[in-house]
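The structure under discussion appears below in the form of structure tokens.
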Protein chains: 2
Amino acid sequence: MTTLYGYFRSSAAYRVRIALNLKGLAYEQAPVNLVAGEQRSKENLARQPQGLVPSLVTEDGRVLNQSLAICEYLDETHPEPALLPSDAAGRARVRALAQLVACEIHPLDNLRVLKYLVGELGVDEDAKLTWYRHWIAEGFSALEAQLSREAGSGDFCHGDTPTLADLCLVPQVFNAERFACDLSAYPAIQRITGNCRALPAFQQAAPETQPDAH
Amino acid sequence: MTTLYGYFRSSAAYRVRIALNLKGLAYEQAPVNLVAGEQRSKENLARQPQGLVPSLVTEDGRVLNQSLAICEYLDETHPEPALLPSDAAGRARVRALAQLVACEIHPLDNLRVLKYLVGELGVDEDAKLTWYRHWIAEGFSALEAQLSREAGSGDFCHGDTPTLADLCLVPQVFNAERFACDLSAYPAIQRITGNCRALPAFQQAAPETQPDAH
């Protein structure tokens, strides 16, 4: 059985859950409690030397790391339904939208970074929240501009079926809502997120419905 | 003519320069001076709503953003020499190594983030340097573990030809050296970087040899 090592609130694990669900793949979950520090355990470091989640262990024992790499692997090994468009330009657009979230927003608002701000830099709660919301606003403003003005957008980030970009968008919106970010300036993001959330694959991947949710 | 909007010291632009050189593609460079704030110009925001570099404008006028998406586009449209292995598992490993740099190290040590630390959070020079080196050490320790223990490693991050992973590694090592990070604990990273730097495609992409170097 395919096993996903993740955490209910990890947005990187959330992306992989959506991909697995869209592909209709069966998997079991092995929670790694990030708040309890289980990502630094010997077992997790053996799978993921950086001490992060998610890792996906395939049926044949292959250990895969990094959520976007995992999702592309799933897309290549289980092509239907496709998570990337069939044309190179479309794939470039989808990957760029996904990376806008995965390289420009999420890394800055990650748990380990927030911990460093508070612990090593002595940043107070207000300044931490301001930091969090700043990077959401920076990224979402750009994403909104692209989604609202580019011809590639449709019911979803690219066209009318979910792609890798939507897999990144929805967990990031979940995080933004959790930190009470004002999303009123992002109607395209909200519209597409709503369309995603209407799909069972996204609903069943949501943090609050995971076995380790607490 | 293909045009690369970049900056000599941007490690994301550096990745794309290496890819273009490995593919043997002709391109002209249009520098966007990040220190002078040109990334926030109307022209750059029209190409790249987030106000970042690089963007690649193709011969047919297509605007591509996000360095990894650009490199994959180049690999798909100009398959030789390949920047990704021919097997799905190999591709997953290379993408994961690339993303370890591009999603876990680089975003935290980016110019805009260092500016926020100093400006908004009032972090002093010492603490800024400690931050910088902390994320390099976190990421490089994990990368070193993977490169030194995994069978996929060779003369380069994956096998004996450069891949997307090396395109990310070398610019990150350049940054680490610039900030005087101690790299003695990372022999595999150093060995592979040395092999990359022996190749003209990497040499000609190096920041100090770019037209806008200053």
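Following the order of the structure tokens, chains are lettered A, B, ..., residues in each are numbered from 1, and ligands are numbered from 1.
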
Which polymer residues have any atom within 6 Å of an atom of stretch 101-110 of chain B, counting only C-alpha atoms, with same-chain residues fewer than 4 positions away left out, as a list in words?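 Returned residues: Cys103 of chain A; Tyr132, Trp135 and Gly139 of chain B.
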
Mind writing the picked residues with all heavy atoms as a PDB file, in the first residue's frame?
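As written to disk, again_33.pdb reads:
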ATOM      1  N   CYS A 103       7.253  28.337  -3.978  1.00  0.00           N
ATOM      2  CA  CYS A 103       8.595  28.921  -3.825  1.00  0.00           C
ATOM      3  C   CYS A 103       8.565  30.339  -3.273  1.00  0.00           C
ATOM      4  O   CYS A 103       9.598  30.823  -2.804  1.00  0.00           O
ATOM      5  CB  CYS A 103       9.338  28.950  -5.162  1.00  0.00           C
ATOM      6  SG  CYS A 103       9.557  27.357  -5.941  1.00  0.00           S
TER       7      CYS A 103
ATOM      8  N   TYR B 132      20.895  33.948   7.376  1.00  0.00           N
ATOM      9  CA  TYR B 132      21.300  33.493   6.050  1.00  0.00           C
ATOM     10  C   TYR B 132      21.993  32.139   6.138  1.00  0.00           C
ATOM     11  O   TYR B 132      21.646  31.186   5.454  1.00  0.00           O
ATOM     12  CB  TYR B 132      22.252  34.531   5.430  1.00  0.00           C
ATOM     13  CG  TYR B 132      22.423  34.356   3.940  1.00  0.00           C
ATOM     14  CD1 TYR B 132      21.728  35.157   3.044  1.00  0.00           C
ATOM     15  CD2 TYR B 132      23.268  33.373   3.432  1.00  0.00           C
ATOM     16  CE1 TYR B 132      21.864  34.987   1.676  1.00  0.00           C
ATOM     17  CE2 TYR B 132      23.409  33.199   2.068  1.00  0.00           C
ATOM     18  CZ  TYR B 132      22.716  34.018   1.189  1.00  0.00           C
ATOM     19  OH  TYR B 132      22.848  33.837  -0.163  1.00  0.00           O
ATOM     20  N   TRP B 135      19.825  28.916   7.166  1.00  0.00           N
ATOM     21  CA  TRP B 135      19.012  28.216   6.157  1.00  0.00           C
ATOM     22  C   TRP B 135      19.881  27.513   5.133  1.00  0.00           C
ATOM     23  O   TRP B 135      19.504  26.462   4.596  1.00  0.00           O
ATOM     24  CB  TRP B 135      18.014  29.182   5.507  1.00  0.00           C
ATOM     25  CG  TRP B 135      17.089  29.768   6.535  1.00  0.00           C
ATOM     26  CD1 TRP B 135      17.012  31.070   6.917  1.00  0.00           C
ATOM     27  CD2 TRP B 135      16.138  29.061   7.355  1.00  0.00           C
ATOM     28  NE1 TRP B 135      16.077  31.226   7.908  1.00  0.00           N
ATOM     29  CE2 TRP B 135      15.524  30.013   8.208  1.00  0.00           C
ATOM     30  CE3 TRP B 135      15.741  27.724   7.465  1.00  0.00           C
ATOM     31  CZ2 TRP B 135      14.548  29.671   9.147  1.00  0.00           C
ATOM     32  CZ3 TRP B 135      14.780  27.379   8.394  1.00  0.00           C
ATOM     33  CH2 TRP B 135      14.190  28.342   9.220  1.00  0.00           C
ATOM     34  N   GLY B 139      19.581  23.404   4.783  1.00  0.00           N
ATOM     35  CA  GLY B 139      19.338  22.812   3.467  1.00  0.00           C
ATOM     36  C   GLY B 139      20.515  21.987   2.970  1.00  0.00           C
ATOM     37  O   GLY B 139      20.342  20.868   2.482  1.00  0.00           O
TER      38      GLY B 139
END

Return chain A as an mmCIF file with C-alpha atoms, in the first residue's frame, after superposing it on chain B by a least-squares fit that covers all C-alpha atoms paired in order.
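Output saved as out-v3.cif:
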data_model
loop_
_atom_site.group_PDB
_atom_site.id
_atom_site.type_symbol
_atom_site.label_atom_id
_atom_site.label_comp_id
_atom_site.auth_asym_id
_atom_site.auth_seq_id
_atom_site.Cartn_x
_atom_site.Cartn_y
_atom_site.Cartn_z
ATOM 1 C CA MET A 1 15.595 36.363 -30.324
ATOM 2 C CA THR A 2 14.902 34.816 -26.932
ATOM 3 C CA THR A 3 15.350 37.395 -24.179
ATOM 4 C CA LEU A 4 16.203 36.707 -20.559
ATOM 5 C CA TYR A 5 15.159 39.384 -18.102
ATOM 6 C CA GLY A 6 17.416 38.784 -15.130
ATOM 7 C CA TYR A 7 20.111 40.102 -12.876
ATOM 8 C CA PHE A 8 23.675 38.880 -12.731
ATOM 9 C CA ARG A 9 23.483 37.921 -9.061
ATOM 10 C CA SER A 10 19.940 36.506 -9.038
ATOM 11 C CA SER A 11 20.358 32.804 -8.472
ATOM 12 C CA ALA A 12 17.039 32.084 -10.158
ATOM 13 C CA ALA A 13 18.242 33.887 -13.311
ATOM 14 C CA TYR A 14 21.577 32.051 -12.990
ATOM 15 C CA ARG A 15 19.712 28.705 -13.166
ATOM 16 C CA VAL A 16 18.039 29.721 -16.416
ATOM 17 C CA ARG A 17 21.329 30.951 -17.917
ATOM 18 C CA ILE A 18 22.884 27.545 -17.245
ATOM 19 C CA ALA A 19 19.907 25.794 -18.851
ATOM 20 C CA LEU A 20 20.059 28.010 -21.942
ATOM 21 C CA ASN A 21 23.811 27.442 -22.228
ATOM 22 C CA LEU A 22 23.559 23.661 -21.784
ATOM 23 C CA LYS A 23 20.935 23.589 -24.535
ATOM 24 C CA GLY A 24 23.132 25.728 -26.752
ATOM 25 C CA LEU A 25 20.372 28.286 -27.232
ATOM 26 C CA ALA A 26 21.152 31.846 -28.271
ATOM 27 C CA TYR A 27 19.582 34.552 -26.110
ATOM 28 C CA GLU A 28 20.003 38.166 -25.283
ATOM 29 C CA GLN A 29 20.008 39.516 -21.767
ATOM 30 C CA ALA A 30 17.912 42.401 -20.528
ATOM 31 C CA PRO A 31 19.193 43.259 -17.062
ATOM 32 C CA VAL A 32 16.725 44.227 -14.326
ATOM 33 C CA ASN A 33 18.745 45.837 -11.556
ATOM 34 C CA LEU A 34 17.356 44.410 -8.325
ATOM 35 C CA VAL A 35 19.401 46.676 -6.084
ATOM 36 C CA ALA A 36 18.079 49.748 -7.907
ATOM 37 C CA GLY A 37 14.517 48.396 -7.575
ATOM 38 C CA GLU A 38 13.905 47.998 -11.313
ATOM 39 C CA GLN A 39 11.939 44.798 -10.637
ATOM 40 C CA ARG A 40 9.096 47.028 -9.375
ATOM 41 C CA SER A 41 8.954 49.018 -12.638
ATOM 42 C CA LYS A 42 5.744 48.993 -14.639
ATOM 43 C CA GLU A 43 7.496 47.118 -17.439
ATOM 44 C CA ASN A 44 8.758 44.361 -15.187
ATOM 45 C CA LEU A 45 5.456 44.029 -13.314
ATOM 46 C CA ALA A 46 3.680 43.594 -16.646
ATOM 47 C CA ARG A 47 5.890 40.582 -17.327
ATOM 48 C CA GLN A 48 6.174 39.347 -13.756
ATOM 49 C CA PRO A 49 3.367 40.614 -11.470
ATOM 50 C CA GLN A 50 5.337 39.630 -8.393
ATOM 51 C CA GLY A 51 8.173 41.968 -9.266
ATOM 52 C CA LEU A 52 10.809 39.274 -9.427
ATOM 53 C CA VAL A 53 13.266 37.930 -11.975
ATOM 54 C CA PRO A 54 13.794 35.998 -14.173
ATOM 55 C CA SER A 55 11.343 36.115 -17.034
ATOM 56 C CA LEU A 56 12.116 34.514 -20.350
ATOM 57 C CA VAL A 57 10.476 35.980 -23.437
ATOM 58 C CA THR A 58 10.580 33.448 -26.246
ATOM 59 C CA GLU A 59 11.072 34.193 -29.945
ATOM 60 C CA ASP A 60 7.313 33.947 -30.476
ATOM 61 C CA GLY A 61 6.662 36.478 -27.690
ATOM 62 C CA ARG A 62 5.625 34.070 -24.946
ATOM 63 C CA VAL A 63 6.432 35.333 -21.438
ATOM 64 C CA LEU A 64 7.565 32.616 -19.036
ATOM 65 C CA ASN A 65 8.105 33.080 -15.296
ATOM 66 C CA GLN A 66 9.530 31.036 -12.423
ATOM 67 C CA SER A 67 12.979 29.626 -13.071
ATOM 68 C CA LEU A 68 12.178 25.937 -12.609
ATOM 69 C CA ALA A 69 9.116 26.172 -14.846
ATOM 70 C CA ILE A 70 11.247 27.956 -17.453
ATOM 71 C CA CYS A 71 13.937 25.272 -17.290
ATOM 72 C CA GLU A 72 11.373 22.482 -17.688
ATOM 73 C CA TYR A 73 9.867 24.345 -20.652
ATOM 74 C CA LEU A 74 13.296 24.602 -22.263
ATOM 75 C CA ASP A 75 13.841 20.913 -21.602
ATOM 76 C CA GLU A 76 10.532 19.968 -23.199
ATOM 77 C CA THR A 77 10.948 22.182 -26.240
ATOM 78 C CA HIS A 78 14.675 21.443 -26.713
ATOM 79 C CA PRO A 79 15.107 17.899 -25.405
ATOM 80 C CA GLU A 80 18.872 17.539 -25.964
ATOM 81 C CA PRO A 81 20.869 17.395 -23.785
ATOM 82 C CA ALA A 82 18.204 16.331 -21.278
ATOM 83 C CA LEU A 83 17.964 18.173 -17.956
ATOM 84 C CA LEU A 84 15.841 15.381 -16.470
ATOM 85 C CA PRO A 85 16.400 11.604 -16.427
ATOM 86 C CA SER A 86 14.354 9.361 -18.712
ATOM 87 C CA ASP A 87 12.639 7.444 -15.870
ATOM 88 C CA ALA A 88 9.863 8.780 -13.622
ATOM 89 C CA ALA A 89 11.671 7.829 -10.409
ATOM 90 C CA GLY A 90 14.822 9.599 -11.571
ATOM 91 C CA ARG A 91 12.841 12.662 -12.531
ATOM 92 C CA ALA A 92 11.212 12.663 -9.092
ATOM 93 C CA ARG A 93 14.627 12.501 -7.429
ATOM 94 C CA VAL A 94 16.068 15.315 -9.551
ATOM 95 C CA ARG A 95 13.030 17.525 -9.050
ATOM 96 C CA ALA A 96 13.115 16.888 -5.303
ATOM 97 C CA LEU A 97 16.795 17.870 -5.108
ATOM 98 C CA ALA A 98 16.100 20.979 -7.177
ATOM 99 C CA GLN A 99 13.134 21.868 -4.970
ATOM 100 C CA LEU A 100 15.155 21.317 -1.809
ATOM 101 C CA VAL A 101 17.177 24.313 -2.984
ATOM 102 C CA ALA A 102 14.411 26.265 -4.710
ATOM 103 C CA CYS A 103 11.693 25.809 -2.070
ATOM 104 C CA GLU A 104 13.633 25.335 1.169
ATOM 105 C CA ILE A 105 16.806 27.431 0.962
ATOM 106 C CA HIS A 106 16.652 30.129 -1.668
ATOM 107 C CA PRO A 107 13.267 31.711 -0.758
ATOM 108 C CA LEU A 108 14.464 32.416 2.768
ATOM 109 C CA ASP A 109 17.720 34.074 1.752
ATOM 110 C CA ASN A 110 16.275 36.125 -1.070
ATOM 111 C CA LEU A 111 17.035 39.854 -1.253
ATOM 112 C CA ARG A 112 13.431 40.904 -0.497
ATOM 113 C CA VAL A 113 13.400 38.743 2.644
ATOM 114 C CA LEU A 114 16.721 40.078 3.913
ATOM 115 C CA LYS A 115 15.380 43.593 3.309
ATOM 116 C CA TYR A 116 12.262 42.811 5.353
ATOM 117 C CA LEU A 117 14.359 41.440 8.209
ATOM 118 C CA VAL A 118 16.471 44.590 8.361
ATOM 119 C CA GLY A 119 13.765 47.115 7.489
ATOM 120 C CA GLU A 120 10.518 45.946 9.091
ATOM 121 C CA LEU A 121 11.958 43.769 11.859
ATOM 122 C CA GLY A 122 15.012 45.866 12.684
ATOM 123 C CA VAL A 123 17.329 42.856 12.607
ATOM 124 C CA ASP A 124 21.021 43.816 12.833
ATOM 125 C CA GLU A 125 23.747 42.744 10.411
ATOM 126 C CA ASP A 126 24.997 39.897 12.610
ATOM 127 C CA ALA A 127 21.531 38.397 13.077
ATOM 128 C CA LYS A 128 20.868 38.753 9.360
ATOM 129 C CA LEU A 129 24.031 36.819 8.539
ATOM 130 C CA THR A 130 23.150 34.183 11.122
ATOM 131 C CA TRP A 131 19.724 33.822 9.505
ATOM 132 C CA TYR A 132 21.295 33.500 6.063
ATOM 133 C CA ARG A 133 23.771 30.868 7.130
ATOM 134 C CA HIS A 134 21.189 28.974 9.178
ATOM 135 C CA TRP A 135 18.995 28.210 6.158
ATOM 136 C CA ILE A 136 22.020 27.354 4.026
ATOM 137 C CA ALA A 137 23.211 24.914 6.712
ATOM 138 C CA GLU A 138 19.750 23.392 7.186
ATOM 139 C CA GLY A 139 19.341 22.808 3.481
ATOM 140 C CA PHE A 140 22.884 21.825 2.593
ATOM 141 C CA SER A 141 23.075 19.286 5.462
ATOM 142 C CA ALA A 142 20.052 17.501 4.032
ATOM 143 C CA LEU A 143 21.291 17.830 0.470
ATOM 144 C CA GLU A 144 24.708 16.465 1.477
ATOM 145 C CA ALA A 145 23.032 13.487 3.176
ATOM 146 C CA GLN A 146 21.066 12.716 0.030
ATOM 147 C CA LEU A 147 23.945 13.255 -2.396
ATOM 148 C CA SER A 148 26.405 11.207 -0.356
ATOM 149 C CA ARG A 149 24.185 8.227 0.460
ATOM 150 C CA GLU A 150 21.834 7.811 -2.471
ATOM 151 C CA ALA A 151 22.730 5.517 -5.349
ATOM 152 C CA GLY A 152 21.462 8.036 -7.905
ATOM 153 C CA SER A 153 24.350 10.442 -7.321
ATOM 154 C CA GLY A 154 27.273 10.425 -9.730
ATOM 155 C CA ASP A 155 29.668 13.020 -11.079
ATOM 156 C CA PHE A 156 26.657 15.294 -10.858
ATOM 157 C CA CYS A 157 23.645 15.353 -8.516
ATOM 158 C CA HIS A 158 22.029 12.594 -10.539
ATOM 159 C CA GLY A 159 24.221 10.407 -12.707
ATOM 160 C CA ASP A 160 27.059 11.689 -14.815
ATOM 161 C CA THR A 161 25.444 14.552 -16.698
ATOM 162 C CA PRO A 162 24.063 17.844 -15.343
ATOM 163 C CA THR A 163 20.372 17.999 -14.497
ATOM 164 C CA LEU A 164 17.906 20.499 -13.097
ATOM 165 C CA ALA A 165 19.316 19.711 -9.632
ATOM 166 C CA ASP A 166 22.793 20.944 -10.597
ATOM 167 C CA LEU A 167 21.271 24.075 -12.114
ATOM 168 C CA CYS A 168 19.905 24.885 -8.657
ATOM 169 C CA LEU A 169 22.896 23.698 -6.651
ATOM 170 C CA VAL A 170 25.624 25.792 -8.256
ATOM 171 C CA PRO A 171 23.912 29.205 -7.885
ATOM 172 C CA GLN A 172 23.102 28.344 -4.266
ATOM 173 C CA VAL A 173 26.749 27.474 -3.597
ATOM 174 C CA PHE A 174 27.739 30.774 -5.217
ATOM 175 C CA ASN A 175 25.420 32.585 -2.800
ATOM 176 C CA ALA A 176 26.732 30.621 0.173
ATOM 177 C CA GLU A 177 30.307 31.521 -0.740
ATOM 178 C CA ARG A 178 29.358 35.161 -1.152
ATOM 179 C CA PHE A 179 28.053 35.172 2.415
ATOM 180 C CA ALA A 180 31.152 33.302 3.641
ATOM 181 C CA CYS A 181 29.279 30.182 4.727
ATOM 182 C CA ASP A 182 31.499 27.332 5.897
ATOM 183 C CA LEU A 183 31.050 24.560 3.323
ATOM 184 C CA SER A 184 33.650 22.141 4.714
ATOM 185 C CA ALA A 185 30.979 19.771 6.012
ATOM 186 C CA TYR A 186 29.611 19.222 2.504
ATOM 187 C CA PRO A 187 32.194 17.268 0.459
ATOM 188 C CA ALA A 188 29.644 15.833 -1.982
ATOM 189 C CA ILE A 189 28.230 19.287 -2.671
ATOM 190 C CA GLN A 190 31.735 20.634 -3.225
ATOM 191 C CA ARG A 191 32.758 17.747 -5.496
ATOM 192 C CA ILE A 192 29.670 18.091 -7.698
ATOM 193 C CA THR A 193 29.922 21.874 -7.796
ATOM 194 C CA GLY A 194 33.524 21.503 -8.962
ATOM 195 C CA ASN A 195 32.459 19.173 -11.757
ATOM 196 C CA CYS A 196 29.769 21.640 -12.845
ATOM 197 C CA ARG A 197 32.152 24.575 -12.777
ATOM 198 C CA ALA A 198 34.486 22.724 -15.143
ATOM 199 C CA LEU A 199 31.828 22.987 -17.860
ATOM 200 C CA PRO A 200 31.647 26.042 -20.164
ATOM 201 C CA ALA A 201 27.821 26.182 -19.822
ATOM 202 C CA PHE A 202 28.204 26.837 -16.111
ATOM 203 C CA GLN A 203 31.222 29.105 -16.477
ATOM 204 C CA GLN A 204 29.470 31.308 -19.007
ATOM 205 C CA ALA A 205 26.441 31.584 -16.730
ATOM 206 C CA ALA A 206 28.432 32.708 -13.692
ATOM 207 C CA PRO A 207 27.408 36.081 -12.256
ATOM 208 C CA GLU A 208 30.800 37.729 -12.636
ATOM 209 C CA THR A 209 30.832 37.109 -16.394
ATOM 210 C CA GLN A 210 27.424 38.681 -17.104
ATOM 211 C CA PRO A 211 27.088 41.993 -18.968
ATOM 212 C CA ASP A 212 25.447 43.695 -15.986
ATOM 213 C CA ALA A 213 28.000 42.499 -13.406
ATOM 214 C CA HIS A 214 29.241 45.363 -11.299
#

(Q) I need the residues of stretch 38-165 of chain B that end up classed as strand (DSSP E or B) by DSSP on the backbone, written out as a VMD selection string. (A) chain B and resid 55 to 57 63 to 65

Review point. So which residues of stretch 16-167 of chain B fall under helix (DSSP H, G or I) by DSSP, listed as an MDAnalysis selection string?
Key: chainID B and resid 16:23 38:40 42:47 67:77 88:104 106:108 111:119 125:149 164:167

Output C-alpha atoms for every residue in that selection, as a PDB file, in the first residue's frame.
ATOM      1  CA  VAL B  16      18.042  29.725 -16.413  1.00  0.00           C
ATOM      2  CA  ARG B  17      21.318  30.953 -17.915  1.00  0.00           C
ATOM      3  CA  ILE B  18      22.880  27.551 -17.244  1.00  0.00           C
ATOM      4  CA  ALA B  19      19.911  25.790 -18.849  1.00  0.00           C
ATOM      5  CA  LEU B  20      20.060  28.006 -21.947  1.00  0.00           C
ATOM      6  CA  ASN B  21      23.817  27.433 -22.231  1.00  0.00           C
ATOM      7  CA  LEU B  22      23.564  23.658 -21.784  1.00  0.00           C
ATOM      8  CA  LYS B  23      20.941  23.583 -24.526  1.00  0.00           C
ATOM      9  CA  GLU B  38      13.891  48.002 -11.310  1.00  0.00           C
ATOM     10  CA  GLN B  39      11.927  44.807 -10.624  1.00  0.00           C
ATOM     11  CA  ARG B  40       9.089  47.021  -9.359  1.00  0.00           C
ATOM     12  CA  LYS B  42       5.729  49.006 -14.636  1.00  0.00           C
ATOM     13  CA  GLU B  43       7.487  47.118 -17.430  1.00  0.00           C
ATOM     14  CA  ASN B  44       8.747  44.364 -15.188  1.00  0.00           C
ATOM     15  CA  LEU B  45       5.458  44.028 -13.315  1.00  0.00           C
ATOM     16  CA  ALA B  46       3.669  43.589 -16.651  1.00  0.00           C
ATOM     17  CA  ARG B  47       5.900  40.591 -17.327  1.00  0.00           C
ATOM     18  CA  SER B  67      12.974  29.618 -13.070  1.00  0.00           C
ATOM     19  CA  LEU B  68      12.174  25.930 -12.600  1.00  0.00           C
ATOM     20  CA  ALA B  69       9.119  26.170 -14.842  1.00  0.00           C
ATOM     21  CA  ILE B  70      11.245  27.958 -17.450  1.00  0.00           C
ATOM     22  CA  CYS B  71      13.941  25.266 -17.286  1.00  0.00           C
ATOM     23  CA  GLU B  72      11.371  22.484 -17.679  1.00  0.00           C
ATOM     24  CA  TYR B  73       9.872  24.345 -20.651  1.00  0.00           C
ATOM     25  CA  LEU B  74      13.301  24.594 -22.261  1.00  0.00           C
ATOM     26  CA  ASP B  75      13.848  20.903 -21.605  1.00  0.00           C
ATOM     27  CA  GLU B  76      10.535  19.963 -23.192  1.00  0.00           C
ATOM     28  CA  THR B  77      10.960  22.183 -26.237  1.00  0.00           C
ATOM     29  CA  ALA B  88       9.853   8.776 -13.641  1.00  0.00           C
ATOM     30  CA  ALA B  89      11.673   7.826 -10.430  1.00  0.00           C
ATOM     31  CA  GLY B  90      14.820   9.586 -11.605  1.00  0.00           C
ATOM     32  CA  ARG B  91      12.839  12.665 -12.544  1.00  0.00           C
ATOM     33  CA  ALA B  92      11.201  12.656  -9.104  1.00  0.00           C
ATOM     34  CA  ARG B  93      14.615  12.509  -7.442  1.00  0.00           C
ATOM     35  CA  VAL B  94      16.062  15.322  -9.559  1.00  0.00           C
ATOM     36  CA  ARG B  95      13.016  17.536  -9.054  1.00  0.00           C
ATOM     37  CA  ALA B  96      13.107  16.879  -5.310  1.00  0.00           C
ATOM     38  CA  LEU B  97      16.783  17.863  -5.107  1.00  0.00           C
ATOM     39  CA  ALA B  98      16.093  20.980  -7.177  1.00  0.00           C
ATOM     40  CA  GLN B  99      13.136  21.856  -4.965  1.00  0.00           C
ATOM     41  CA  LEU B 100      15.146  21.310  -1.815  1.00  0.00           C
ATOM     42  CA  VAL B 101      17.172  24.310  -2.982  1.00  0.00           C
ATOM     43  CA  ALA B 102      14.416  26.265  -4.709  1.00  0.00           C
ATOM     44  CA  CYS B 103      11.678  25.795  -2.081  1.00  0.00           C
ATOM     45  CA  GLU B 104      13.615  25.336   1.163  1.00  0.00           C
ATOM     46  CA  HIS B 106      16.648  30.126  -1.669  1.00  0.00           C
ATOM     47  CA  PRO B 107      13.266  31.693  -0.758  1.00  0.00           C
ATOM     48  CA  LEU B 108      14.464  32.408   2.776  1.00  0.00           C
ATOM     49  CA  LEU B 111      17.027  39.849  -1.252  1.00  0.00           C
ATOM     50  CA  ARG B 112      13.430  40.902  -0.504  1.00  0.00           C
ATOM     51  CA  VAL B 113      13.398  38.736   2.626  1.00  0.00           C
ATOM     52  CA  LEU B 114      16.727  40.074   3.902  1.00  0.00           C
ATOM     53  CA  LYS B 115      15.383  43.591   3.304  1.00  0.00           C
ATOM     54  CA  TYR B 116      12.263  42.810   5.346  1.00  0.00           C
ATOM     55  CA  LEU B 117      14.375  41.440   8.207  1.00  0.00           C
ATOM     56  CA  VAL B 118      16.486  44.577   8.344  1.00  0.00           C
ATOM     57  CA  GLY B 119      13.791  47.121   7.489  1.00  0.00           C
ATOM     58  CA  GLU B 125      23.774  42.737  10.394  1.00  0.00           C
ATOM     59  CA  ASP B 126      25.010  39.896  12.598  1.00  0.00           C
ATOM     60  CA  ALA B 127      21.561  38.397  13.062  1.00  0.00           C
ATOM     61  CA  LYS B 128      20.871  38.750   9.335  1.00  0.00           C
ATOM     62  CA  LEU B 129      24.048  36.819   8.529  1.00  0.00           C
ATOM     63  CA  THR B 130      23.146  34.172  11.107  1.00  0.00           C
ATOM     64  CA  TRP B 131      19.713  33.816   9.488  1.00  0.00           C
ATOM     65  CA  TYR B 132      21.300  33.493   6.050  1.00  0.00           C
ATOM     66  CA  ARG B 133      23.775  30.853   7.126  1.00  0.00           C
ATOM     67  CA  HIS B 134      21.201  28.971   9.176  1.00  0.00           C
ATOM     68  CA  TRP B 135      19.012  28.216   6.157  1.00  0.00           C
ATOM     69  CA  ILE B 136      22.025  27.339   4.019  1.00  0.00           C
ATOM     70  CA  ALA B 137      23.208  24.911   6.704  1.00  0.00           C
ATOM     71  CA  GLU B 138      19.745  23.388   7.190  1.00  0.00           C
ATOM     72  CA  GLY B 139      19.338  22.812   3.467  1.00  0.00           C
ATOM     73  CA  PHE B 140      22.888  21.816   2.606  1.00  0.00           C
ATOM     74  CA  SER B 141      23.071  19.285   5.460  1.00  0.00           C
ATOM     75  CA  ALA B 142      20.041  17.512   4.028  1.00  0.00           C
ATOM     76  CA  LEU B 143      21.299  17.824   0.476  1.00  0.00           C
ATOM     77  CA  GLU B 144      24.708  16.474   1.483  1.00  0.00           C
ATOM     78  CA  ALA B 145      23.035  13.492   3.179  1.00  0.00           C
ATOM     79  CA  GLN B 146      21.077  12.708   0.038  1.00  0.00           C
ATOM     80  CA  LEU B 147      23.952  13.250  -2.378  1.00  0.00           C
ATOM     81  CA  SER B 148      26.396  11.192  -0.347  1.00  0.00           C
ATOM     82  CA  ARG B 149      24.190   8.219   0.478  1.00  0.00           C
ATOM     83  CA  LEU B 164      17.905  20.498 -13.096  1.00  0.00           C
ATOM     84  CA  ALA B 165      19.317  19.708  -9.644  1.00  0.00           C
ATOM     85  CA  ASP B 166      22.799  20.950 -10.580  1.00  0.00           C
ATOM     86  CA  LEU B 167      21.265  24.084 -12.110  1.00  0.00           C
TER      87      LEU B 167
END
